[in-house]
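Data first, discussion second: the structure below is written as structure tokens.
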Amino acid sequence: MIREAHVTIGDRKTRYLEAGAGWPVLLIHGFPLNADMWRPQLERVPDGWRFVAPDLRGFGPAAAPGPEAAPATVDDFAGDLVVLLDRLHIDRAVIGGLSMGGYVTFALFRRSPERFSGIVLADTKSPADTPEGREGRRKMIELVRASGAAAVADQMLPKLLGAASARTRPELVSQVRQMIESTSVSAIAGALEALSARPDSTPDLARVAYPALIIVGAEDVLTPVADSEALDRGIARSSLVVLPGAGHLSNLESPDAFSKALADFLASSL
Ligand code: MLT
């Protein structure tokens with residue numbers, strides 16, 4: 001059963017979803033989604049584990065729209081998560097995220113490596129944005145300010161979902177669209193600034209001394225398999241799982257295979 005709860009971080013009401021009981025696993029969502037993207041994994045928590053999936057600042061149904069909702073940097077997101085862990089009396093956890101959630105995982109690692117007992121990097125990468133990537137973010141900020149979140153959904157959906165999911169899973173397409181369209185313009189624009197300004201995390205890889213699961217959809221066009229192979233080479237105790245038929249949102253597109261890979265990893269990391 002998935003529980004929904006709230007904590008106040010700063011002056012913001014923050015929602016988190018939670019399921020299971022035992023050693024904690026913190027799951028950080030991608031852009032421009034929210035904690036609901038982790039529901040398939042929250043429905044499949046292995047015995048002895050507690051999954052916690054928070055909404056990042058500005059995201060999710062509890063978020064108040066407005067300029068104060070917008071994060072300035074990925075470090076702001078990471079700082080919020082440290083407060084959340086403190087509030088939940090979680091000293092150490094397996095910590096990971098998908099895509100932007102992976103970038104925030106790296107920021108959290110730089111800030112508080114002692115809070116980790118393992119790391120999960122799904123459909124993500126370590127380098128900073130390229131100049132072309134930053135230009136793309138600038139254009140998307142203009143797009144969302146001019147035309148709203150629906151225009152961002154139109155642009156991103158074909159890249160977020162693999163071809164097979166887009167063709168055969170209309171309910172997933174509308175679920176992802178709904179998550180994007182429910183996000184405020186200020187949260188989307190703020191996160192794009194934060195993503196654009198994020199540092200290169202590649203130098204951190206050699207310092208990751210915990211077990212690491214790297215997982216990626218074979219059809220991911222935003223962070224292709226080669227990005228995950230680079231993470232796998234850079235982290236000493238890592239294993240790489242490539243999910244056939246899935247795109248960038250591999251946990252939603254192949255929920256059973258993703259959850260099995262996660263459960264196998266957790267069992268082996270004990
Ligand atoms: C995400 O899924 O979080 C985004 O695609 C991240 C990015 O744009 O780099």
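Ligands are numbered from 1 in the order shown, residues from 1 within each chain, and chains are lettered A, B, ... in the order they appear in the structure tokens.
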
As a short mmCIF file (atom, residue, chain, number, x, y, z; two decimals) with N, CA, C and O atoms, in the first residue's frame, please: all residues of stretch 58-269 of chain A that backbone DSSP puts in alpha helix (DSSP H).
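Resulting contents of states-v8.cif:
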```cif
data_model
loop_
_atom_site.label_atom_id
_atom_site.label_comp_id
_atom_site.auth_asym_id
_atom_site.auth_seq_id
_atom_site.Cartn_x
_atom_site.Cartn_y
_atom_site.Cartn_z
N VAL A 74 20.67 22.62 -8.55
CA VAL A 74 20.44 21.23 -8.10
C VAL A 74 20.83 21.08 -6.63
O VAL A 74 20.30 20.21 -5.93
N ASP A 75 21.73 21.93 -6.14
CA ASP A 75 22.09 21.87 -4.71
C ASP A 75 20.91 22.24 -3.82
O ASP A 75 20.82 21.75 -2.69
N ASP A 76 20.04 23.14 -4.30
CA ASP A 76 18.84 23.48 -3.51
C ASP A 76 17.95 22.24 -3.37
O ASP A 76 17.42 21.97 -2.29
N PHE A 77 17.78 21.51 -4.47
CA PHE A 77 17.00 20.27 -4.40
C PHE A 77 17.65 19.31 -3.39
O PHE A 77 16.97 18.69 -2.56
N ALA A 78 18.97 19.17 -3.48
CA ALA A 78 19.67 18.23 -2.60
C ALA A 78 19.54 18.66 -1.14
O ALA A 78 19.34 17.82 -0.25
N GLY A 79 19.63 19.98 -0.91
CA GLY A 79 19.50 20.49 0.46
C GLY A 79 18.13 20.16 1.03
O GLY A 79 18.01 19.76 2.20
N ASP A 80 17.09 20.28 0.21
CA ASP A 80 15.74 19.93 0.67
C ASP A 80 15.68 18.46 1.07
O ASP A 80 15.01 18.08 2.04
N LEU A 81 16.36 17.61 0.30
CA LEU A 81 16.29 16.17 0.57
C LEU A 81 17.02 15.81 1.86
O LEU A 81 16.61 14.90 2.58
N VAL A 82 18.10 16.53 2.17
CA VAL A 82 18.79 16.30 3.45
C VAL A 82 17.83 16.64 4.60
O VAL A 82 17.74 15.88 5.58
N VAL A 83 17.08 17.75 4.46
CA VAL A 83 16.10 18.10 5.50
C VAL A 83 15.05 17.00 5.61
O VAL A 83 14.68 16.57 6.71
N LEU A 84 14.59 16.50 4.45
CA LEU A 84 13.59 15.42 4.48
C LEU A 84 14.13 14.19 5.20
O LEU A 84 13.45 13.61 6.06
N LEU A 85 15.35 13.79 4.88
CA LEU A 85 15.94 12.61 5.54
C LEU A 85 16.01 12.85 7.05
O LEU A 85 15.69 11.96 7.85
N ASP A 86 16.41 14.06 7.46
CA ASP A 86 16.48 14.37 8.90
C ASP A 86 15.10 14.24 9.54
O ASP A 86 14.94 13.64 10.60
N ARG A 87 14.09 14.83 8.87
CA ARG A 87 12.72 14.79 9.42
C ARG A 87 12.23 13.36 9.58
O ARG A 87 11.47 13.04 10.48
N MET A 100 16.94 13.74 -14.18
CA MET A 100 17.22 14.85 -13.27
C MET A 100 17.41 14.34 -11.84
O MET A 100 18.23 14.87 -11.09
N GLY A 101 16.66 13.28 -11.49
CA GLY A 101 16.83 12.67 -10.16
C GLY A 101 18.25 12.15 -9.96
O GLY A 101 18.77 12.14 -8.84
N GLY A 102 18.88 11.72 -11.05
CA GLY A 102 20.29 11.29 -10.98
C GLY A 102 21.21 12.48 -10.76
O GLY A 102 22.15 12.42 -9.97
N TYR A 103 20.92 13.60 -11.44
CA TYR A 103 21.75 14.80 -11.25
C TYR A 103 21.65 15.27 -9.79
O TYR A 103 22.64 15.71 -9.20
N VAL A 104 20.42 15.17 -9.24
CA VAL A 104 20.23 15.58 -7.83
C VAL A 104 20.93 14.58 -6.90
O VAL A 104 21.49 14.97 -5.87
N THR A 105 20.92 13.30 -7.29
CA THR A 105 21.65 12.29 -6.50
C THR A 105 23.13 12.67 -6.42
O THR A 105 23.75 12.59 -5.35
N PHE A 106 23.71 13.08 -7.54
CA PHE A 106 25.13 13.50 -7.52
C PHE A 106 25.33 14.71 -6.61
O PHE A 106 26.32 14.79 -5.87
N ALA A 107 24.40 15.68 -6.67
CA ALA A 107 24.52 16.87 -5.81
C ALA A 107 24.44 16.47 -4.34
O ALA A 107 25.20 16.98 -3.49
N LEU A 108 23.55 15.53 -4.03
CA LEU A 108 23.41 15.05 -2.65
C LEU A 108 24.67 14.30 -2.22
O LEU A 108 25.14 14.42 -1.07
N PHE A 109 25.24 13.55 -3.15
CA PHE A 109 26.47 12.81 -2.87
C PHE A 109 27.63 13.77 -2.54
O PHE A 109 28.40 13.54 -1.60
N ARG A 110 27.74 14.84 -3.31
CA ARG A 110 28.82 15.81 -3.04
C ARG A 110 28.63 16.45 -1.68
O ARG A 110 29.58 16.72 -0.97
N ARG A 111 27.37 16.70 -1.32
CA ARG A 111 27.08 17.40 -0.07
C ARG A 111 27.16 16.47 1.14
O ARG A 111 27.70 16.84 2.17
N PRO A 131 27.09 23.24 -24.54
CA PRO A 131 26.55 24.55 -24.96
C PRO A 131 25.24 24.38 -25.74
O PRO A 131 24.29 25.13 -25.53
N GLU A 132 25.15 23.34 -26.58
CA GLU A 132 23.89 23.13 -27.33
C GLU A 132 22.76 22.75 -26.37
O GLU A 132 21.61 23.16 -26.55
N GLY A 133 23.11 21.95 -25.39
CA GLY A 133 22.11 21.56 -24.39
C GLY A 133 21.58 22.77 -23.64
O GLY A 133 20.36 22.91 -23.43
N ARG A 134 22.49 23.70 -23.28
CA ARG A 134 22.06 24.92 -22.56
C ARG A 134 21.17 25.78 -23.46
O ARG A 134 20.19 26.36 -22.99
N GLU A 135 21.51 25.81 -24.71
CA GLU A 135 20.70 26.58 -25.66
C GLU A 135 19.28 25.97 -25.76
O GLU A 135 18.29 26.69 -25.78
N GLY A 136 19.24 24.65 -25.78
CA GLY A 136 17.93 23.97 -25.81
C GLY A 136 17.12 24.29 -24.56
O GLY A 136 15.90 24.49 -24.63
N ARG A 137 17.78 24.34 -23.40
CA ARG A 137 17.05 24.67 -22.15
C ARG A 137 16.53 26.11 -22.22
O ARG A 137 15.42 26.40 -21.78
N ARG A 138 17.36 27.04 -22.77
CA ARG A 138 16.95 28.44 -22.85
C ARG A 138 15.69 28.55 -23.72
O ARG A 138 14.73 29.23 -23.37
N LYS A 139 15.69 27.79 -24.80
CA LYS A 139 14.52 27.83 -25.70
C LYS A 139 13.30 27.25 -25.01
O LYS A 139 12.18 27.71 -25.19
N MET A 140 13.53 26.20 -24.20
CA MET A 140 12.38 25.59 -23.52
C MET A 140 11.84 26.53 -22.44
O MET A 140 10.63 26.56 -22.19
N ILE A 141 12.71 27.32 -21.80
CA ILE A 141 12.23 28.31 -20.83
C ILE A 141 11.34 29.33 -21.55
O ILE A 141 10.25 29.67 -21.07
N GLU A 142 11.77 29.76 -22.71
CA GLU A 142 10.94 30.70 -23.49
C GLU A 142 9.60 30.05 -23.87
O GLU A 142 8.56 30.67 -23.77
N LEU A 143 9.68 28.78 -24.27
CA LEU A 143 8.48 28.06 -24.69
C LEU A 143 7.48 27.95 -23.54
O LEU A 143 6.28 28.23 -23.70
N VAL A 144 7.96 27.55 -22.36
CA VAL A 144 7.02 27.34 -21.25
C VAL A 144 6.45 28.67 -20.80
O VAL A 144 5.26 28.76 -20.44
N ARG A 145 7.26 29.73 -20.82
CA ARG A 145 6.73 31.05 -20.41
C ARG A 145 5.69 31.55 -21.42
O ARG A 145 4.69 32.16 -21.04
N ALA A 146 5.90 31.25 -22.70
CA ALA A 146 4.98 31.76 -23.73
C ALA A 146 3.74 30.87 -23.86
O ALA A 146 2.64 31.36 -24.07
N SER A 147 3.92 29.55 -23.76
CA SER A 147 2.84 28.65 -24.17
C SER A 147 2.43 27.65 -23.09
O SER A 147 1.54 26.84 -23.32
N ALA A 149 2.84 24.65 -19.81
CA ALA A 149 3.39 23.29 -19.64
C ALA A 149 2.95 22.34 -20.74
O ALA A 149 3.67 21.39 -21.07
N ALA A 150 1.77 22.58 -21.33
CA ALA A 150 1.28 21.66 -22.38
C ALA A 150 2.24 21.66 -23.57
O ALA A 150 2.46 20.61 -24.21
N ALA A 151 2.83 22.82 -23.87
CA ALA A 151 3.76 22.89 -24.99
C ALA A 151 5.04 22.12 -24.67
O ALA A 151 5.65 21.50 -25.56
N VAL A 152 5.43 22.14 -23.40
CA VAL A 152 6.61 21.35 -22.98
C VAL A 152 6.29 19.86 -23.11
O VAL A 152 7.12 19.06 -23.58
N ALA A 153 5.08 19.48 -22.74
CA ALA A 153 4.67 18.08 -22.89
C ALA A 153 4.73 17.66 -24.35
O ALA A 153 5.25 16.58 -24.68
N ASP A 154 4.22 18.53 -25.24
CA ASP A 154 4.24 18.20 -26.68
C ASP A 154 5.67 17.97 -27.16
O ASP A 154 5.94 17.04 -27.92
N GLN A 155 6.57 18.82 -26.69
CA GLN A 155 7.96 18.72 -27.16
C GLN A 155 8.69 17.53 -26.54
O GLN A 155 9.48 16.87 -27.19
N MET A 156 8.41 17.28 -25.25
CA MET A 156 9.22 16.26 -24.55
C MET A 156 8.71 14.85 -24.68
O MET A 156 9.50 13.89 -24.65
N LEU A 157 7.38 14.67 -24.80
CA LEU A 157 6.84 13.31 -24.77
C LEU A 157 7.48 12.36 -25.77
O LEU A 157 7.83 11.23 -25.41
N PRO A 158 7.68 12.81 -27.03
CA PRO A 158 8.29 11.87 -27.99
C PRO A 158 9.70 11.44 -27.60
O PRO A 158 10.17 10.39 -28.06
N LYS A 159 10.37 12.25 -26.76
CA LYS A 159 11.74 11.88 -26.35
C LYS A 159 11.74 11.13 -25.02
O LYS A 159 12.66 10.36 -24.74
N LEU A 160 10.72 11.36 -24.20
CA LEU A 160 10.70 10.70 -22.89
C LEU A 160 10.38 9.22 -23.02
O LEU A 160 10.96 8.38 -22.33
N ALA A 163 9.75 4.29 -28.47
CA ALA A 163 8.80 4.16 -29.59
C ALA A 163 7.71 3.13 -29.28
O ALA A 163 6.53 3.35 -29.55
N ALA A 164 8.11 2.02 -28.66
CA ALA A 164 7.13 0.95 -28.40
C ALA A 164 6.08 1.43 -27.40
O ALA A 164 4.88 1.22 -27.59
N SER A 165 6.51 2.12 -26.34
CA SER A 165 5.54 2.62 -25.34
C SER A 165 4.62 3.64 -25.97
O SER A 165 3.41 3.64 -25.73
N ALA A 166 5.20 4.55 -26.76
CA ALA A 166 4.39 5.61 -27.37
C ALA A 166 3.31 5.00 -28.27
O ALA A 166 2.20 5.51 -28.35
N ARG A 167 3.65 3.88 -28.91
CA ARG A 167 2.73 3.24 -29.86
C ARG A 167 1.68 2.39 -29.16
O ARG A 167 0.52 2.40 -29.54
N THR A 168 2.09 1.69 -28.12
CA THR A 168 1.20 0.64 -27.58
C THR A 168 0.61 0.97 -26.20
O THR A 168 -0.20 0.21 -25.71
N PRO A 170 -1.21 3.95 -24.71
CA PRO A 170 -1.81 5.30 -24.66
C PRO A 170 -2.06 5.78 -23.23
O PRO A 170 -1.98 6.97 -22.94
N GLU A 171 -2.36 4.83 -22.32
CA GLU A 171 -2.65 5.27 -20.94
C GLU A 171 -1.39 5.81 -20.27
O GLU A 171 -1.45 6.74 -19.48
N LEU A 172 -0.24 5.24 -20.62
CA LEU A 172 1.03 5.74 -20.06
C LEU A 172 1.35 7.12 -20.65
O LEU A 172 1.78 8.03 -19.93
N VAL A 173 1.11 7.26 -21.96
CA VAL A 173 1.35 8.57 -22.61
C VAL A 173 0.51 9.64 -21.90
O VAL A 173 1.02 10.71 -21.53
N SER A 174 -0.77 9.33 -21.64
CA SER A 174 -1.61 10.39 -21.02
C SER A 174 -1.25 10.59 -19.55
O SER A 174 -1.33 11.71 -19.05
N GLN A 175 -0.78 9.55 -18.89
CA GLN A 175 -0.35 9.71 -17.49
C GLN A 175 0.87 10.64 -17.40
O GLN A 175 0.94 11.53 -16.55
N VAL A 176 1.83 10.44 -18.30
CA VAL A 176 3.03 11.28 -18.28
C VAL A 176 2.67 12.71 -18.69
O VAL A 176 3.11 13.68 -18.07
N ARG A 177 1.79 12.83 -19.71
CA ARG A 177 1.34 14.18 -20.12
C ARG A 177 0.67 14.90 -18.94
O ARG A 177 0.93 16.06 -18.67
N GLN A 178 -0.16 14.16 -18.23
CA GLN A 178 -0.88 14.78 -17.09
C GLN A 178 0.12 15.27 -16.03
O GLN A 178 -0.03 16.36 -15.47
N MET A 179 1.17 14.47 -15.75
CA MET A 179 2.17 14.90 -14.76
C MET A 179 2.85 16.19 -15.21
O MET A 179 3.07 17.10 -14.43
N ILE A 180 3.18 16.25 -16.51
CA ILE A 180 3.88 17.45 -17.02
C ILE A 180 2.94 18.65 -16.98
O ILE A 180 3.31 19.73 -16.49
N GLU A 181 1.70 18.45 -17.44
CA GLU A 181 0.78 19.59 -17.55
C GLU A 181 0.35 20.12 -16.19
O GLU A 181 -0.09 21.26 -16.08
N VAL A 185 4.51 26.65 -14.45
CA VAL A 185 5.50 27.27 -15.35
C VAL A 185 6.75 27.63 -14.55
O VAL A 185 7.88 27.41 -15.01
N SER A 186 6.58 28.16 -13.34
CA SER A 186 7.75 28.59 -12.57
C SER A 186 8.61 27.40 -12.16
O SER A 186 9.85 27.49 -12.15
N ALA A 187 7.99 26.27 -11.85
CA ALA A 187 8.78 25.08 -11.48
C ALA A 187 9.55 24.56 -12.68
O ALA A 187 10.73 24.19 -12.58
N ILE A 188 8.90 24.53 -13.83
CA ILE A 188 9.57 24.04 -15.05
C ILE A 188 10.73 24.97 -15.42
O ILE A 188 11.87 24.52 -15.64
N ALA A 189 10.48 26.28 -15.43
CA ALA A 189 11.53 27.23 -15.81
C ALA A 189 12.67 27.19 -14.79
O ALA A 189 13.85 27.20 -15.16
N GLY A 190 12.32 27.12 -13.50
CA GLY A 190 13.36 27.09 -12.46
C GLY A 190 14.21 25.84 -12.56
O GLY A 190 15.45 25.90 -12.44
N ALA A 191 13.57 24.70 -12.79
CA ALA A 191 14.34 23.45 -12.90
C ALA A 191 15.24 23.48 -14.13
O ALA A 191 16.37 22.98 -14.11
N LEU A 192 14.75 24.09 -15.22
CA LEU A 192 15.59 24.17 -16.43
C LEU A 192 16.84 25.01 -16.16
O LEU A 192 17.93 24.67 -16.61
N GLU A 193 16.67 26.09 -15.38
CA GLU A 193 17.85 26.89 -14.98
C GLU A 193 18.79 26.04 -14.16
O GLU A 193 20.02 26.06 -14.35
N ALA A 194 18.23 25.29 -13.22
CA ALA A 194 19.05 24.46 -12.32
C ALA A 194 19.81 23.39 -13.10
O ALA A 194 20.99 23.14 -12.88
N LEU A 195 19.10 22.76 -14.06
CA LEU A 195 19.74 21.70 -14.86
C LEU A 195 20.85 22.29 -15.73
O LEU A 195 21.93 21.71 -15.86
N SER A 196 20.59 23.46 -16.27
CA SER A 196 21.54 24.10 -17.17
C SER A 196 22.82 24.51 -16.42
O SER A 196 23.91 24.49 -17.00
N VAL A 225 22.28 4.64 -23.89
CA VAL A 225 23.00 3.57 -23.19
C VAL A 225 24.48 3.93 -22.98
O VAL A 225 25.06 3.62 -21.93
N ALA A 226 25.09 4.61 -23.96
CA ALA A 226 26.52 4.96 -23.84
C ALA A 226 26.78 5.81 -22.59
O ALA A 226 27.86 5.69 -21.97
N ASP A 227 25.81 6.66 -22.20
CA ASP A 227 25.99 7.47 -20.99
C ASP A 227 26.05 6.57 -19.75
O ASP A 227 26.82 6.81 -18.82
N SER A 228 25.21 5.54 -19.75
CA SER A 228 25.21 4.61 -18.61
C SER A 228 26.46 3.73 -18.61
O SER A 228 26.98 3.39 -17.54
N GLU A 229 26.93 3.38 -19.80
CA GLU A 229 28.18 2.60 -19.87
C GLU A 229 29.34 3.41 -19.28
O GLU A 229 30.22 2.87 -18.60
N ALA A 230 29.32 4.74 -19.52
CA ALA A 230 30.38 5.60 -18.96
C ALA A 230 30.27 5.64 -17.43
O ALA A 230 31.29 5.61 -16.73
N LEU A 231 29.04 5.69 -16.91
CA LEU A 231 28.86 5.65 -15.45
C LEU A 231 29.40 4.33 -14.89
O LEU A 231 30.08 4.28 -13.87
N ASP A 232 29.09 3.25 -15.60
CA ASP A 232 29.51 1.91 -15.17
C ASP A 232 31.03 1.80 -15.14
O ASP A 232 31.61 1.20 -14.22
N ARG A 233 31.69 2.40 -16.13
CA ARG A 233 33.16 2.38 -16.15
C ARG A 233 33.74 3.22 -15.02
O ARG A 233 34.79 2.91 -14.48
N GLY A 234 33.05 4.32 -14.68
CA GLY A 234 33.60 5.27 -13.71
C GLY A 234 33.42 4.87 -12.26
O GLY A 234 34.15 5.36 -11.39
N SER A 250 12.34 4.54 -18.08
CA SER A 250 12.41 3.07 -18.07
C SER A 250 11.61 2.46 -16.93
O SER A 250 11.05 1.38 -17.07
N ASN A 251 11.52 3.14 -15.78
CA ASN A 251 10.79 2.56 -14.66
C ASN A 251 9.30 2.50 -14.90
O ASN A 251 8.60 1.64 -14.35
N LEU A 252 8.79 3.44 -15.73
CA LEU A 252 7.36 3.45 -16.06
C LEU A 252 7.07 2.55 -17.25
O LEU A 252 6.00 1.96 -17.36
N GLU A 253 8.05 2.47 -18.16
CA GLU A 253 7.81 1.72 -19.39
C GLU A 253 7.99 0.21 -19.20
O GLU A 253 7.33 -0.59 -19.84
N PRO A 255 7.98 -1.53 -15.88
CA PRO A 255 7.95 -1.50 -14.41
C PRO A 255 8.39 -2.81 -13.76
O PRO A 255 9.10 -2.78 -12.74
N ASP A 256 8.01 -3.96 -14.35
CA ASP A 256 8.39 -5.24 -13.73
C ASP A 256 9.89 -5.46 -13.82
O ASP A 256 10.52 -5.82 -12.83
N ALA A 257 10.45 -5.26 -15.01
CA ALA A 257 11.89 -5.50 -15.19
C ALA A 257 12.71 -4.51 -14.37
O ALA A 257 13.73 -4.87 -13.77
N PHE A 258 12.26 -3.25 -14.31
CA PHE A 258 12.98 -2.25 -13.52
C PHE A 258 12.95 -2.64 -12.04
O PHE A 258 13.97 -2.65 -11.35
N SER A 259 11.75 -2.99 -11.56
CA SER A 259 11.62 -3.32 -10.14
C SER A 259 12.40 -4.59 -9.80
O SER A 259 12.96 -4.70 -8.70
N LYS A 260 12.45 -5.54 -10.73
CA LYS A 260 13.23 -6.75 -10.47
C LYS A 260 14.72 -6.42 -10.38
O LYS A 260 15.43 -6.90 -9.48
N ALA A 261 15.20 -5.58 -11.30
CA ALA A 261 16.61 -5.19 -11.26
C ALA A 261 16.92 -4.48 -9.94
O ALA A 261 17.97 -4.71 -9.32
N LEU A 262 16.00 -3.63 -9.51
CA LEU A 262 16.20 -2.90 -8.25
C LEU A 262 16.19 -3.87 -7.06
O LEU A 262 17.06 -3.80 -6.18
N ALA A 263 15.23 -4.79 -7.06
CA ALA A 263 15.14 -5.76 -5.95
C ALA A 263 16.38 -6.65 -5.92
O ALA A 263 16.93 -6.92 -4.83
N ASP A 264 16.86 -7.11 -7.07
CA ASP A 264 18.07 -7.94 -7.12
C ASP A 264 19.26 -7.17 -6.58
O ASP A 264 20.08 -7.69 -5.83
N PHE A 265 19.36 -5.90 -7.00
CA PHE A 265 20.46 -5.05 -6.54
C PHE A 265 20.41 -4.87 -5.02
O PHE A 265 21.42 -5.01 -4.32
N LEU A 266 19.20 -4.57 -4.51
CA LEU A 266 19.08 -4.34 -3.06
C LEU A 266 19.46 -5.60 -2.29
O LEU A 266 20.18 -5.53 -1.29
N ALA A 267 18.99 -6.75 -2.79
CA ALA A 267 19.32 -8.02 -2.10
C ALA A 267 20.82 -8.25 -2.08
O ALA A 267 21.39 -8.70 -1.08
N SER A 268 21.48 -7.90 -3.18
CA SER A 268 22.92 -8.17 -3.27
C SER A 268 23.74 -7.12 -2.51
O SER A 268 24.92 -7.32 -2.25
N SER A 269 23.09 -5.98 -2.17
CA SER A 269 23.85 -4.92 -1.50
C SER A 269 23.83 -5.07 0.01
O SER A 269 24.45 -4.27 0.71
#
```

Got a sec to check which residues lie within 6 Å of ligand 1, using only C-alpha atoms and all ligand atoms, and send them as a PDB file with all heavy atoms, in the first residue's frame?
```pdb
ATOM      1  N   GLY A  30      12.295  12.426 -12.129  1.00  0.00           N
ATOM      2  CA  GLY A  30      12.877  13.131 -13.264  1.00  0.00           C
ATOM      3  C   GLY A  30      12.093  14.401 -13.605  1.00  0.00           C
ATOM      4  O   GLY A  30      11.079  14.727 -12.975  1.00  0.00           O
ATOM      5  N   PHE A  31      12.546  15.076 -14.614  1.00  0.00           N
ATOM      6  CA  PHE A  31      11.989  16.357 -15.061  1.00  0.00           C
ATOM      7  C   PHE A  31      11.094  16.140 -16.272  1.00  0.00           C
ATOM      8  O   PHE A  31      11.508  15.405 -17.190  1.00  0.00           O
ATOM      9  CB  PHE A  31      13.145  17.295 -15.448  1.00  0.00           C
ATOM     10  CG  PHE A  31      12.715  18.544 -16.158  1.00  0.00           C
ATOM     11  CD1 PHE A  31      12.307  19.649 -15.423  1.00  0.00           C
ATOM     12  CD2 PHE A  31      12.692  18.617 -17.544  1.00  0.00           C
ATOM     13  CE1 PHE A  31      11.896  20.807 -16.075  1.00  0.00           C
ATOM     14  CE2 PHE A  31      12.267  19.777 -18.188  1.00  0.00           C
ATOM     15  CZ  PHE A  31      11.872  20.871 -17.456  1.00  0.00           C
ATOM     16  N   SER A  99      17.201  10.304 -14.344  1.00  0.00           N
ATOM     17  CA  SER A  99      17.505  11.502 -15.139  1.00  0.00           C
ATOM     18  C   SER A  99      17.820  12.697 -14.240  1.00  0.00           C
ATOM     19  O   SER A  99      18.830  12.683 -13.547  1.00  0.00           O
ATOM     20  CB  SER A  99      16.358  11.773 -16.108  1.00  0.00           C
ATOM     21  OG  SER A  99      16.835  12.661 -17.093  1.00  0.00           O
ATOM     22  N   MET A 100      16.944  13.744 -14.181  1.00  0.00           N
ATOM     23  CA  MET A 100      17.221  14.853 -13.274  1.00  0.00           C
ATOM     24  C   MET A 100      17.412  14.336 -11.843  1.00  0.00           C
ATOM     25  O   MET A 100      18.234  14.865 -11.087  1.00  0.00           O
ATOM     26  CB  MET A 100      16.059  15.858 -13.311  1.00  0.00           C
ATOM     27  CG  MET A 100      16.174  16.956 -12.277  1.00  0.00           C
ATOM     28  SD  MET A 100      14.874  18.210 -12.428  1.00  0.00           S
ATOM     29  CE  MET A 100      13.458  17.355 -11.726  1.00  0.00           C
TER      30      MET A 100
END
```
